[in-house]
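Here is query_30.tsv, consisting of TSV, C-alpha atoms:
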chain	number	residue	atom	x	y	z
A	226	GLU	CA	63.69	12.58	-13.07
A	227	GLY	CA	61.02	12.60	-15.77
A	228	GLY	CA	59.18	9.74	-14.10
A	229	ARG	CA	59.24	11.53	-10.77
A	230	LEU	CA	57.82	14.70	-12.31
A	231	LEU	CA	55.19	12.68	-14.14
A	232	GLY	CA	54.14	10.99	-10.89
A	233	ALA	CA	53.97	14.32	-9.10
A	234	GLY	CA	51.88	15.74	-11.91
A	235	ARG	CA	49.47	12.85	-11.73
A	236	ARG	CA	49.11	13.29	-8.00
A	237	ARG	CA	48.37	16.98	-8.41
A	238	LEU	CA	45.89	16.18	-11.15
A	239	ARG	CA	44.11	13.68	-8.89
A	240	GLU	CA	44.04	16.24	-6.09
A	241	CYS	CA	42.56	18.82	-8.43
A	242	ALA	CA	40.00	16.31	-9.68
A	243	ARG	CA	39.10	15.43	-6.13
A	244	GLY	CA	38.72	19.10	-5.26
A	245	VAL	CA	36.46	19.63	-8.25
A	246	ALA	CA	34.38	16.57	-7.31
A	247	GLU	CA	34.02	17.78	-3.72
A	248	ALA	CA	33.03	21.25	-4.91
A	249	LEU	CA	30.48	19.72	-7.28
A	250	ARG	CA	29.07	17.61	-4.46
A	251	GLY	CA	28.68	20.69	-2.32
A	252	GLY	CA	27.01	22.58	-5.13
A	253	GLU	CA	24.63	19.73	-5.84
A	254	GLY	CA	23.74	19.58	-2.17
A	255	VAL	CA	22.84	23.28	-2.17
A	256	TYR	CA	20.86	22.88	-5.40
A	257	LEU	CA	19.04	19.87	-3.99
A	258	GLY	CA	17.97	21.62	-0.81
A	259	ARG	CA	16.69	24.69	-2.60
A	260	ALA	CA	14.98	22.81	-5.43
A	261	VAL	CA	13.15	20.48	-3.05
A	262	GLY	CA	12.16	23.42	-0.88
A	263	ILE	CA	10.71	25.29	-3.85
A	264	ALA	CA	8.87	22.17	-5.04
A	265	CYS	CA	7.30	21.57	-1.62
A	266	SER	CA	6.03	25.14	-1.37
A	267	GLY	CA	3.54	24.65	-4.20
A	268	ASP	CA	-0.03	23.37	-4.11
A	269	GLU	CA	-0.45	22.49	-7.77
A	270	LEU	CA	-1.51	19.10	-9.06
A	271	GLU	CA	0.22	17.35	-11.91
A	272	GLU	CA	-1.45	17.14	-15.33
A	273	GLU	CA	-3.51	14.04	-14.47
A	274	GLY	CA	-4.89	15.87	-11.44
A	275	LEU	CA	-4.26	13.04	-8.97
A	276	VAL	CA	-0.83	13.74	-7.45
A	277	LEU	CA	0.61	16.94	-6.03
A	278	ALA	CA	3.33	18.37	-8.26
A	279	LEU	CA	5.70	18.61	-5.29
A	280	VAL	CA	6.32	14.85	-5.56
A	281	ASP	CA	7.55	15.03	-9.16
A	282	GLY	CA	9.50	18.20	-8.46
A	283	SER	CA	11.28	16.82	-5.39
A	284	PHE	CA	12.27	13.49	-6.86
A	285	PHE	CA	13.30	15.06	-10.16
A	286	ALA	CA	15.66	17.36	-8.27
A	287	ALA	CA	17.12	14.40	-6.36
A	288	LEU	CA	17.56	12.35	-9.52
A	289	ARG	CA	19.15	15.24	-11.41
A	290	ALA	CA	21.61	16.04	-8.64
A	291	PHE	CA	22.73	12.42	-8.27
A	292	THR	CA	22.99	11.81	-12.02
A	293	ARG	CA	25.23	14.83	-12.52
A	294	ALA	CA	27.44	13.72	-9.64
A	295	THR	CA	27.92	10.26	-11.15
A	296	ARG	CA	29.22	11.76	-14.40
A	297	THR	CA	32.37	13.05	-12.77
A	298	ALA	CA	35.71	11.27	-12.91
A	299	LEU	CA	35.41	10.48	-9.19
A	300	PRO	CA	31.81	9.36	-8.49
A	301	ASP	CA	32.91	7.85	-5.18
A	302	VAL	CA	33.80	11.40	-4.08
A	303	ALA	CA	31.00	13.34	-5.77
A	304	ALA	CA	28.08	10.91	-5.81
A	305	ALA	CA	28.39	8.44	-2.94
A	306	PRO	CA	28.54	11.05	-0.14
A	307	LEU	CA	25.66	12.89	-1.79
A	308	VAL	CA	23.20	10.04	-1.16
A	309	PRO	CA	22.64	10.88	2.54
A	310	ARG	CA	21.85	14.43	1.43
A	311	LEU	CA	19.25	13.02	-0.95
A	312	CYS	CA	17.63	11.09	1.87
A	313	GLU	CA	17.61	14.07	4.22
A	314	ALA	CA	16.16	16.37	1.57
A	315	LEU	CA	13.36	13.93	0.76
A	316	GLU	CA	12.60	13.25	4.42
A	317	ARG	CA	12.43	16.93	5.31
A	318	GLY	CA	10.78	17.85	2.04
A	319	PRO	CA	8.01	15.69	0.53
A	320	LEU	CA	7.64	13.26	3.44
A	321	ALA	CA	7.27	15.94	6.10
A	322	THR	CA	5.18	18.16	3.81
A	323	LEU	CA	2.75	15.40	2.85
A	324	ARG	CA	2.34	14.31	6.46
A	325	LEU	CA	1.50	17.88	7.45
A	326	ARG	CA	-0.93	18.26	4.58
A	327	MET	CA	-2.60	14.99	5.49
A	328	ARG	CA	-3.21	16.27	9.01
A	329	ASN	CA	-4.75	19.42	7.54
A	330	ALA	CA	-6.66	17.74	4.73
A	331	GLY	CA	-9.82	17.07	6.69
A	332	ALA	CA	-11.89	13.93	7.00
A	333	ALA	CA	-11.02	10.74	5.16
A	334	ALA	CA	-13.92	10.78	2.72
A	335	ALA	CA	-14.49	9.84	-0.90
A	336	ASP	CA	-15.56	13.40	-1.73
A	337	ASN	CA	-12.61	15.10	-0.02
A	338	ASP	CA	-10.33	16.00	-2.93
A	339	SER	CA	-7.60	17.35	-0.66
A	340	PHE	CA	-7.39	14.09	1.27
A	341	LEU	CA	-7.35	11.99	-1.91
A	342	ALA	CA	-4.61	14.14	-3.47
A	343	VAL	CA	-2.33	13.70	-0.46
A	344	ALA	CA	-3.04	9.96	-0.26
A	345	ASN	CA	-2.24	9.57	-3.97
A	346	SER	CA	0.91	11.63	-3.51
A	347	LEU	CA	2.15	9.43	-0.65
A	348	SER	CA	1.56	6.32	-2.76
A	349	CYS	CA	3.36	7.87	-5.73
A	350	ALA	CA	6.27	9.02	-3.57
A	351	GLY	CA	6.80	5.47	-2.32
A	352	SER	CA	7.12	4.25	-5.91
A	353	TYR	CA	9.50	7.08	-6.79
A	354	ALA	CA	11.67	6.36	-3.76
A	355	ARG	CA	12.14	2.75	-4.89
A	356	ARG	CA	13.01	3.88	-8.40
A	357	LEU	CA	15.54	6.34	-7.01
A	358	ARG	CA	17.04	3.55	-4.91
A	359	ASP	CA	17.55	1.48	-8.07
A	360	VAL	CA	19.16	4.43	-9.86
A	361	VAL	CA	21.49	5.05	-6.93
A	362	THR	CA	22.42	1.36	-6.70
A	363	ASN	CA	23.26	1.19	-10.40
A	364	GLY	CA	25.02	4.55	-10.38
A	365	LEU	CA	27.35	3.68	-7.53
A	366	GLY	CA	28.19	0.20	-8.78
A	367	ASP	CA	30.20	-2.38	-6.89
A	368	GLY	CA	33.40	-0.38	-7.08
A	369	HIS	CA	31.91	2.65	-5.37
A	370	ALA	CA	29.66	0.87	-2.86
A	371	ALA	CA	31.39	2.12	0.26
A	372	PRO	CA	29.75	1.14	3.57
A	373	ARG	CA	28.26	4.61	3.96
A	374	ALA	CA	26.78	4.46	0.45
A	375	ARG	CA	25.31	1.01	1.05
A	376	TRP	CA	23.76	2.25	4.28
A	377	SER	CA	22.29	5.20	2.40
A	378	VAL	CA	20.72	2.89	-0.18
A	379	GLY	CA	19.08	1.05	2.71
A	380	ARG	CA	17.90	4.41	3.99
A	381	LEU	CA	16.14	4.98	0.68
A	382	ASP	CA	14.39	1.63	1.16
A	383	ALA	CA	13.26	2.77	4.60
A	384	LEU	CA	12.09	6.08	3.13
A	385	ALA	CA	9.97	4.23	0.55
A	386	SER	CA	8.45	2.15	3.35
A	387	ARG	CA	7.55	5.28	5.30
A	388	PHE	CA	5.73	6.73	2.30
A	389	ASP	CA	3.97	3.38	1.79
A	390	GLU	CA	2.94	3.15	5.45
A	391	ALA	CA	1.53	6.67	5.41
A	392	ALA	CA	-0.44	5.88	2.24
A	393	ALA	CA	-1.74	2.64	3.78
A	394	ASP	CA	-2.81	4.51	6.92
A	395	ALA	CA	-4.73	6.98	4.76
A	396	MET	CA	-6.47	4.18	2.88
A	397	ARG	CA	-7.39	2.43	6.13
A	398	SER	CA	-9.03	5.64	7.30
A	399	LEU	CA	-10.86	6.01	3.99
A	400	GLY	CA	-11.82	2.33	4.06
A	401	GLY	CA	-13.47	2.82	7.43
A	402	SER	CA	-15.84	5.33	5.86
A	403	LEU	CA	-16.82	2.80	3.16
A	404	LEU	CA	-17.79	-0.04	5.49
A	405	PRO	CA	-21.51	-0.94	5.43
A	406	ALA	CA	-22.06	0.22	9.01
A	407	ALA	CA	-25.85	0.06	8.85
A	408	TRP	CA	-25.86	-3.56	7.67
A	409	LEU	CA	-23.24	-4.59	10.21
A	410	LEU	CA	-25.06	-3.00	13.15
A	411	LEU	CA	-28.71	-3.53	12.19
A	412	GLU	CA	-28.61	-6.73	10.17
A	413	PHE	CA	-25.47	-8.77	10.79
A	414	ASP	CA	-24.98	-8.27	14.53
A	415	PRO	CA	-28.52	-9.32	15.55
A	416	ALA	CA	-28.91	-11.87	12.74
A	417	ASP	CA	-29.78	-15.47	13.58
A	418	TYR	CA	-28.21	-17.94	11.15
A	419	ARG	CA	-30.54	-20.76	12.16
A	420	LEU	CA	-32.78	-20.55	9.12
A	421	LEU	CA	-34.21	-24.05	8.69
A	422	ARG	CA	-37.25	-23.28	10.83
A	423	ALA	CA	-37.61	-19.74	9.43
A	424	GLY	CA	-38.08	-21.04	5.90
A	425	GLU	CA	-37.04	-19.93	2.44
A	426	ALA	CA	-38.57	-16.48	2.85
A	427	ALA	CA	-36.09	-15.58	5.60
A	428	GLU	CA	-33.18	-16.80	3.49
A	429	ALA	CA	-34.36	-14.79	0.47
A	430	THR	CA	-34.78	-11.70	2.62
A	431	ALA	CA	-31.27	-12.07	4.04
A	432	ARG	CA	-29.83	-12.33	0.52
A	433	ALA	CA	-31.72	-9.25	-0.66
A	434	VAL	CA	-30.70	-7.22	2.37
A	435	PHE	CA	-27.05	-8.25	1.87
A	436	GLU	CA	-27.18	-7.22	-1.79
A	437	ARG	CA	-28.84	-3.91	-1.02
A	438	GLY	CA	-26.96	-3.08	2.17
A	439	VAL	CA	-23.45	-4.29	1.35
A	440	LEU	CA	-22.64	-5.15	-2.25
A	441	GLN	CA	-24.42	-2.28	-3.97
A	442	PRO	CA	-23.06	0.50	-1.71
A	443	LEU	CA	-19.53	-0.86	-2.05
A	444	ALA	CA	-19.86	-1.05	-5.84
A	445	VAL	CA	-21.06	2.55	-6.00
A	446	SER	CA	-18.30	3.82	-3.69
A	447	PHE	CA	-15.48	2.08	-5.55
A	448	ALA	CA	-16.86	3.14	-8.93
A	449	ALA	CA	-16.73	6.75	-7.79
A	450	LEU	CA	-13.20	6.38	-6.43
A	451	ARG	CA	-11.73	4.53	-9.41
A	452	SER	CA	-11.07	7.77	-11.29
A	453	SER	CA	-9.85	9.60	-8.18
A	454	LEU	CA	-7.18	7.18	-6.95
A	455	ARG	CA	-3.98	5.88	-8.46
A	456	PRO	CA	-4.10	2.10	-9.08
A	457	GLU	CA	-1.63	1.53	-6.23
A	458	ALA	CA	-3.75	3.58	-3.82
A	459	LEU	CA	-6.91	1.82	-4.97
A	460	GLU	CA	-5.24	-1.52	-4.27
A	461	LEU	CA	-4.37	-0.37	-0.75
A	462	LEU	CA	-7.98	0.69	-0.24
A	463	VAL	CA	-9.31	-2.69	-1.41
A	464	HIS	CA	-7.02	-4.46	1.06
A	465	ALA	CA	-8.06	-2.09	3.85
A	466	VAL	CA	-11.77	-2.69	3.28
A	467	GLY	CA	-11.25	-6.44	2.85
A	468	ALA	CA	-9.22	-6.77	6.03
A	469	ALA	CA	-11.71	-4.72	8.06
A	470	LEU	CA	-14.76	-6.62	6.79
A	471	GLY	CA	-13.05	-10.00	7.13
A	472	ALA	CA	-12.17	-9.30	10.75
A	473	ARG	CA	-15.66	-7.95	11.47
A	474	LEU	CA	-17.43	-10.98	9.98
A	475	GLU	CA	-15.09	-13.37	11.77
A	476	ALA	CA	-15.65	-11.72	15.14
A	477	GLY	CA	-19.41	-11.64	14.62
A	478	ALA	CA	-19.58	-15.28	13.58
A	479	PHE	CA	-18.10	-16.42	16.87
A	480	ALA	CA	-21.08	-14.93	18.68
A	481	LYS	CA	-23.68	-16.79	16.60
A	482	ARG	CA	-25.16	-20.22	16.15
A	483	PHE	CA	-25.63	-21.76	12.72
A	484	ASP	CA	-27.71	-24.49	11.22
A	485	GLU	CA	-27.03	-26.05	7.82
A	486	LEU	CA	-28.87	-23.40	5.84
A	487	GLY	CA	-27.42	-20.56	7.86
A	488	ALA	CA	-23.87	-21.86	7.42
A	489	MET	CA	-24.40	-22.03	3.66
A	490	LEU	CA	-25.76	-18.47	3.62
A	491	PHE	CA	-22.80	-17.18	5.65
A	492	SER	CA	-20.34	-18.92	3.32
A	493	GLU	CA	-22.11	-17.39	0.32
A	494	GLN	CA	-21.94	-13.90	1.83
A	495	VAL	CA	-18.21	-14.22	2.47
A	496	ARG	CA	-17.59	-15.50	-1.06
A	497	ARG	CA	-19.67	-12.78	-2.73
A	498	LEU	CA	-17.98	-10.07	-0.70
A	499	SER	CA	-14.53	-11.39	-1.59
A	500	ASP	CA	-15.48	-11.63	-5.26
A	501	ALA	CA	-16.89	-8.09	-5.27
A	502	LEU	CA	-13.64	-6.62	-3.89
A	503	SER	CA	-11.50	-8.74	-6.23
A	504	ALA	CA	-13.39	-7.20	-9.17
A	505	VAL	CA	-12.37	-3.67	-8.13
A	506	SER	CA	-8.63	-4.04	-8.74
A	507	SER	CA	-6.04	-6.66	-9.54
A	508	ALA	CA	-5.19	-6.93	-5.84
A	509	PRO	CA	-5.83	-10.47	-4.54
A	510	VAL	CA	-7.98	-10.29	-1.42
A	511	ARG	CA	-7.89	-13.97	-0.48
A	512	ASN	CA	-5.54	-13.32	2.43
A	513	ASP	CA	-7.80	-10.55	3.74
A	514	PHE	CA	-10.66	-13.05	3.99
A	515	GLY	CA	-8.52	-16.08	4.77
A	516	ARG	CA	-9.59	-16.71	8.36
A	517	VAL	CA	-13.29	-16.00	7.87
A	518	THR	CA	-13.30	-18.13	4.69
A	519	GLN	CA	-11.83	-21.05	6.62
A	520	LEU	CA	-14.41	-20.46	9.34
A	521	ALA	CA	-17.21	-20.56	6.77
A	522	PHE	CA	-15.83	-23.82	5.39
A	523	LEU	CA	-15.72	-25.38	8.82
A	524	LEU	CA	-19.29	-24.34	9.57
A	525	ASN	CA	-20.43	-26.31	6.54
A	526	ALA	CA	-18.77	-29.53	7.66
A	527	SER	CA	-20.86	-32.37	9.05
A	528	SER	CA	-17.98	-34.07	10.87
A	529	VAL	CA	-14.51	-33.42	12.21
A	530	GLN	CA	-13.05	-35.43	9.33
A	531	GLU	CA	-14.89	-33.37	6.74
A	532	ALA	CA	-13.88	-30.16	8.50
A	533	ALA	CA	-10.23	-31.19	8.37
A	534	GLY	CA	-10.56	-32.08	4.69
A	535	LEU	CA	-12.18	-28.77	3.81
A	536	LEU	CA	-9.59	-26.83	5.75
A	537	LEU	CA	-6.68	-28.63	4.12
A	538	SER	CA	-8.21	-28.13	0.68
A	539	GLN	CA	-8.57	-24.42	1.27
A	540	MET	CA	-5.03	-24.08	2.55
A	541	ALA	CA	-3.74	-25.86	-0.56
A	542	LEU	CA	-5.29	-23.36	-2.96
A	543	ASP	CA	-2.75	-21.22	-4.81
A	544	GLY	CA	-4.71	-18.02	-4.38
A	545	GLU	CA	-6.95	-18.13	-7.47
A	546	GLY	CA	-10.38	-16.83	-6.64
A	547	GLY	CA	-11.57	-15.20	-3.47
A	548	GLY	CA	-12.37	-18.41	-1.56
A	549	GLY	CA	-15.73	-19.42	-0.28
A	550	GLY	CA	-16.79	-22.98	0.21
A	551	GLU	CA	-19.41	-25.03	-1.39
A	552	GLY	CA	-21.97	-26.00	1.19
A	553	GLY	CA	-21.33	-29.39	2.70
A	554	GLU	CA	-23.87	-31.91	3.73
A	555	GLY	CA	-23.49	-30.49	7.19
A	556	GLY	CA	-26.12	-30.73	9.82
A	557	GLU	CA	-26.60	-28.45	12.77
A	558	GLY	CA	-23.62	-26.14	13.22
A	559	GLY	CA	-22.25	-25.31	16.60
A	560	GLU	CA	-21.23	-21.94	17.92
A	561	GLY	CA	-18.79	-20.07	15.64
Output the file's structure as structure tokens, nothing else.
Amino acid sequence: EGGRLLGAGRRRLRECARGVAEALRGGEGVYLGRAVGIACSGDELEEEGLVLALVDGSFFAALRAFTRATRTALPDVAAAPLVPRLCEALERGPLATLRLRMRNAGAAAADNDSFLAVANSLSCAGSYARRLRDVVTNGLGDGHAAPRARWSVGRLDALASRFDEAAADAMRSLGGSLLPAAWLLLEFDPADYRLLRAGEAAEATARAVFERGVLQPLAVSFAALRSSLRPEALELLVHAVGAALGARLEAGAFAKRFDELGAMLFSEQVRRLSDALSAVSSAPVRNDFGRVTQLAFLLNASSVQEAAGLLLSQMALDGEGGGGGEGGEGGEGGEG
């Protein structure tokens, strides 16, 4: 009889504990929704002045709600079902708010503080979402990783990717405003890379124009933005500019003819541009210039065998340096 009463008491205790855990989960859900809503209603910047405070406020609320839920006796009841609420709150809160503010921020320009603040905030939110995913994964543990909870952790991964994609889109737009449009349209597009007959003066002029029209403006623009962008956002911007310039140079090269001197000059321009962007951040830009670097190598080859050797050598590099070939012995280059 005593054992039966003890078993009944334990069952009632578990039921009470479950009820408390469910009530706590409901309360945390209400807290989460209101806290994120309040955070997203503000326009303040954090102390560093780069990221909107709504990002810190929203993710702090999500972290606090989940952490409290994991401290109960039944985290599988209180915490695991709370994770979808976290995702929904962050999707409807900071993600939707930052997207709206990006649409209303104005032009993607280096002097548009509103645009830069939203772009930084999107980049920061992506990092926070991955950190929250790790906290949730550790908090649930193997014993509490129900299928729904595992799906919710994957949803946090997807949420981080959506923040990252929005930040990358913003940096691509900003990168477009940094491209040396005047040099591309007035110098590169009509340029003739058959320089042997033009002489050393033409080569020297092309180098000076490239320095003045491309490298110097990029250096000035990135120097101004270094203090206005988070390192992660600056890295995205470097990749955006590198990818756009690499594609533009590659497309233009196919419409030109090269001689030996012109091929060497083109290879030098690609290398110097890659090196200049690599100096801005720790982001490797070799992949952004990969195709045009290989094209420059091939233009400097004097034979099919040498072209194959140069191409294989470039493909074997482990990524150190920005690429850019040494001029071969090559003779007259064909069409790009």
Which residue is closest to Pro309 of chain A? Choose from A:Ser346, A:Ser266, A:Ser352, A:Ser377 and count all atoms listed in the file. A:Ser377
Quick one: residues within 12 Å of (-25.5, 1.1, 6.1) (file frame), counting only C-alpha atoms, please, as JSON, numbers by chain. {"A": [402, 403, 404, 405, 406, 407, 408, 409, 410, 411, 412, 413, 434, 435, 436, 437, 438, 439, 440, 441, 442, 443]}
One decimal, in Å: what's the spacing between atom CA of Ala385 of chain A and atom CA of Val276 of chain A? 16.5 Å
Which polymer residues, protein or nucleic acid, are no farther than 12 Å from (-12.3, -17.6, 9.7), counting all atoms listed in the file, as number ranges by chain? A: 468, 470-479, 491-492, 495, 511-524, 536, 539, 548-550, 561
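Between atom CA of Glu313 of chain A and atom CA of Leu384 of chain A the interatomic distance comes to 9.8 Å.
Minimum distance to Ala354 of chain A across A:Gly274, A:Gly267, A:Gly258, A:Gly379 (counting only C-alpha atoms) occurs at A:Gly379.
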Could you tell me which of A:Ala304, A:Ala465, A:Leu320, A:Leu486 comes closest to Val510 of chain A if we count only C-alpha atoms? A:Ala465
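Atom pair atom CA of Ala431 of chain A / atom CA of Pro509 of chain A: separated by 26.9 Å.
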Go through A:Glu269, A:Ala321, A:Phe291, A:Tyr418 and flag the residue nearest Gly364 of chain A, using all atoms listed in the file for the distances.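 Looking only at the distances to Gly364 of chain A, the closest residue turns out to be A:Phe291.
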Counting only C-alpha atoms, figure out which residue out of A:Ala287, A:Val529, A:Thr430, A:Val445 gets nearest to Glu316 of chain A.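 Of the candidates, the smallest distance to Glu316 of chain A is held by A:Ala287.
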Can you pull out every residue within 10 Å of segment 251-253 of chain A, counting only C-alpha atoms, but drop anything in the same chain fewer than 5 positions away, and send it as a PyMOL selection string? chain A and resi 245-246+258-259+286-287+289-291+293-294+303-304+306-307+310-311
Env of Gly318 of chain A: 9 Å cut, atoms = only C-alpha atoms, seq-sep filter 3 positions within chain, self excluded. Answer as number ranges by chain. A: 258, 261-262, 264-265, 279, 283, 313-315, 321-323
Could you pull segment 308-317 of chain A out of the block above and give me all heavy atoms, as an mmCIF file, in the first residue's frame?
data_model
loop_
_atom_site.group_PDB
_atom_site.id
_atom_site.type_symbol
_atom_site.label_atom_id
_atom_site.label_comp_id
_atom_site.auth_asym_id
_atom_site.auth_seq_id
_atom_site.Cartn_x
_atom_site.Cartn_y
_atom_site.Cartn_z
ATOM 1 N N VAL A 308 11.783 26.761 -28.752
ATOM 2 C CA VAL A 308 12.705 27.137 -29.833
ATOM 3 C C VAL A 308 11.961 27.650 -31.072
ATOM 4 O O VAL A 308 12.379 28.654 -31.664
ATOM 5 C CB VAL A 308 13.632 25.959 -30.180
ATOM 6 C CG1 VAL A 308 14.594 26.346 -31.303
ATOM 7 C CG2 VAL A 308 14.422 25.524 -28.959
ATOM 8 N N PRO A 309 10.875 27.013 -31.511
ATOM 9 C CA PRO A 309 10.145 27.604 -32.656
ATOM 10 C C PRO A 309 9.649 29.013 -32.385
ATOM 11 O O PRO A 309 9.621 29.850 -33.296
ATOM 12 C CB PRO A 309 8.976 26.631 -32.859
ATOM 13 C CG PRO A 309 9.450 25.347 -32.288
ATOM 14 C CD PRO A 309 10.295 25.710 -31.125
ATOM 15 N N ARG A 310 9.297 29.290 -31.107
ATOM 16 C CA ARG A 310 8.876 30.645 -30.758
ATOM 17 C C ARG A 310 10.042 31.627 -30.895
ATOM 18 O O ARG A 310 9.843 32.778 -31.306
ATOM 19 C CB ARG A 310 8.324 30.677 -29.331
ATOM 20 C CG ARG A 310 7.061 29.855 -29.104
ATOM 21 C CD ARG A 310 5.854 30.525 -29.725
ATOM 22 N NE ARG A 310 5.552 31.809 -29.129
ATOM 23 C CZ ARG A 310 4.816 31.985 -28.034
ATOM 24 N NH1 ARG A 310 4.300 30.934 -27.410
ATOM 25 N NH2 ARG A 310 4.578 33.193 -27.571
ATOM 26 N N LEU A 311 11.243 31.162 -30.544
ATOM 27 C CA LEU A 311 12.421 32.004 -30.717
ATOM 28 C C LEU A 311 12.593 32.373 -32.191
ATOM 29 O O LEU A 311 12.834 33.537 -32.534
ATOM 30 C CB LEU A 311 13.680 31.282 -30.231
ATOM 31 C CG LEU A 311 13.795 30.875 -28.770
ATOM 32 C CD1 LEU A 311 15.139 30.192 -28.523
ATOM 33 C CD2 LEU A 311 13.671 32.078 -27.849
ATOM 34 N N CYS A 312 12.500 31.355 -33.035
ATOM 35 C CA CYS A 312 12.687 31.587 -34.469
ATOM 36 C C CYS A 312 11.646 32.557 -35.007
ATOM 37 O O CYS A 312 11.969 33.489 -35.763
ATOM 38 C CB CYS A 312 12.631 30.264 -35.223
ATOM 39 S SG CYS A 312 13.907 29.080 -34.765
ATOM 40 N N GLU A 313 10.397 32.350 -34.636
ATOM 41 C CA GLU A 313 9.330 33.223 -35.127
ATOM 42 C C GLU A 313 9.534 34.656 -34.654
ATOM 43 O O GLU A 313 9.360 35.611 -35.425
ATOM 44 C CB GLU A 313 7.979 32.697 -34.648
ATOM 45 C CG GLU A 313 7.579 31.377 -35.282
ATOM 46 C CD GLU A 313 6.353 30.770 -34.628
ATOM 47 O OE1 GLU A 313 5.760 31.437 -33.739
ATOM 48 O OE2 GLU A 313 5.986 29.638 -34.974
ATOM 49 N N ALA A 314 9.916 34.803 -33.378
ATOM 50 C CA ALA A 314 10.110 36.151 -32.844
ATOM 51 C C ALA A 314 11.244 36.868 -33.560
ATOM 52 O O ALA A 314 11.153 38.065 -33.856
ATOM 53 C CB ALA A 314 10.389 36.071 -31.341
ATOM 54 N N LEU A 315 12.313 36.151 -33.867
ATOM 55 C CA LEU A 315 13.460 36.780 -34.532
ATOM 56 C C LEU A 315 13.191 37.035 -36.014
ATOM 57 O O LEU A 315 13.726 37.978 -36.596
ATOM 58 C CB LEU A 315 14.704 35.897 -34.356
ATOM 59 C CG LEU A 315 15.191 35.754 -32.912
ATOM 60 C CD1 LEU A 315 16.320 34.736 -32.827
ATOM 61 C CD2 LEU A 315 15.645 37.098 -32.352
ATOM 62 N N GLU A 316 12.377 36.192 -36.626
ATOM 63 C CA GLU A 316 12.013 36.422 -38.028
ATOM 64 C C GLU A 316 11.091 37.637 -38.156
ATOM 65 O O GLU A 316 11.282 38.491 -39.031
ATOM 66 C CB GLU A 316 11.328 35.185 -38.595
ATOM 67 C CG GLU A 316 12.276 34.009 -38.832
ATOM 68 C CD GLU A 316 11.526 32.720 -39.112
ATOM 69 O OE1 GLU A 316 10.273 32.712 -39.013
ATOM 70 O OE2 GLU A 316 12.184 31.696 -39.419
ATOM 71 N N ARG A 317 10.103 37.709 -37.272
ATOM 72 C CA ARG A 317 9.146 38.818 -37.339
ATOM 73 C C ARG A 317 9.709 40.094 -36.735
ATOM 74 O O ARG A 317 9.213 41.190 -37.037
ATOM 75 C CB ARG A 317 7.865 38.428 -36.608
ATOM 76 C CG ARG A 317 7.136 37.255 -37.229
ATOM 77 C CD ARG A 317 5.940 36.843 -36.394
ATOM 78 N NE ARG A 317 5.231 35.702 -36.969
ATOM 79 C CZ ARG A 317 4.210 35.092 -36.389
ATOM 80 N NH1 ARG A 317 3.770 35.518 -35.209
ATOM 81 N NH2 ARG A 317 3.626 34.065 -36.981
#
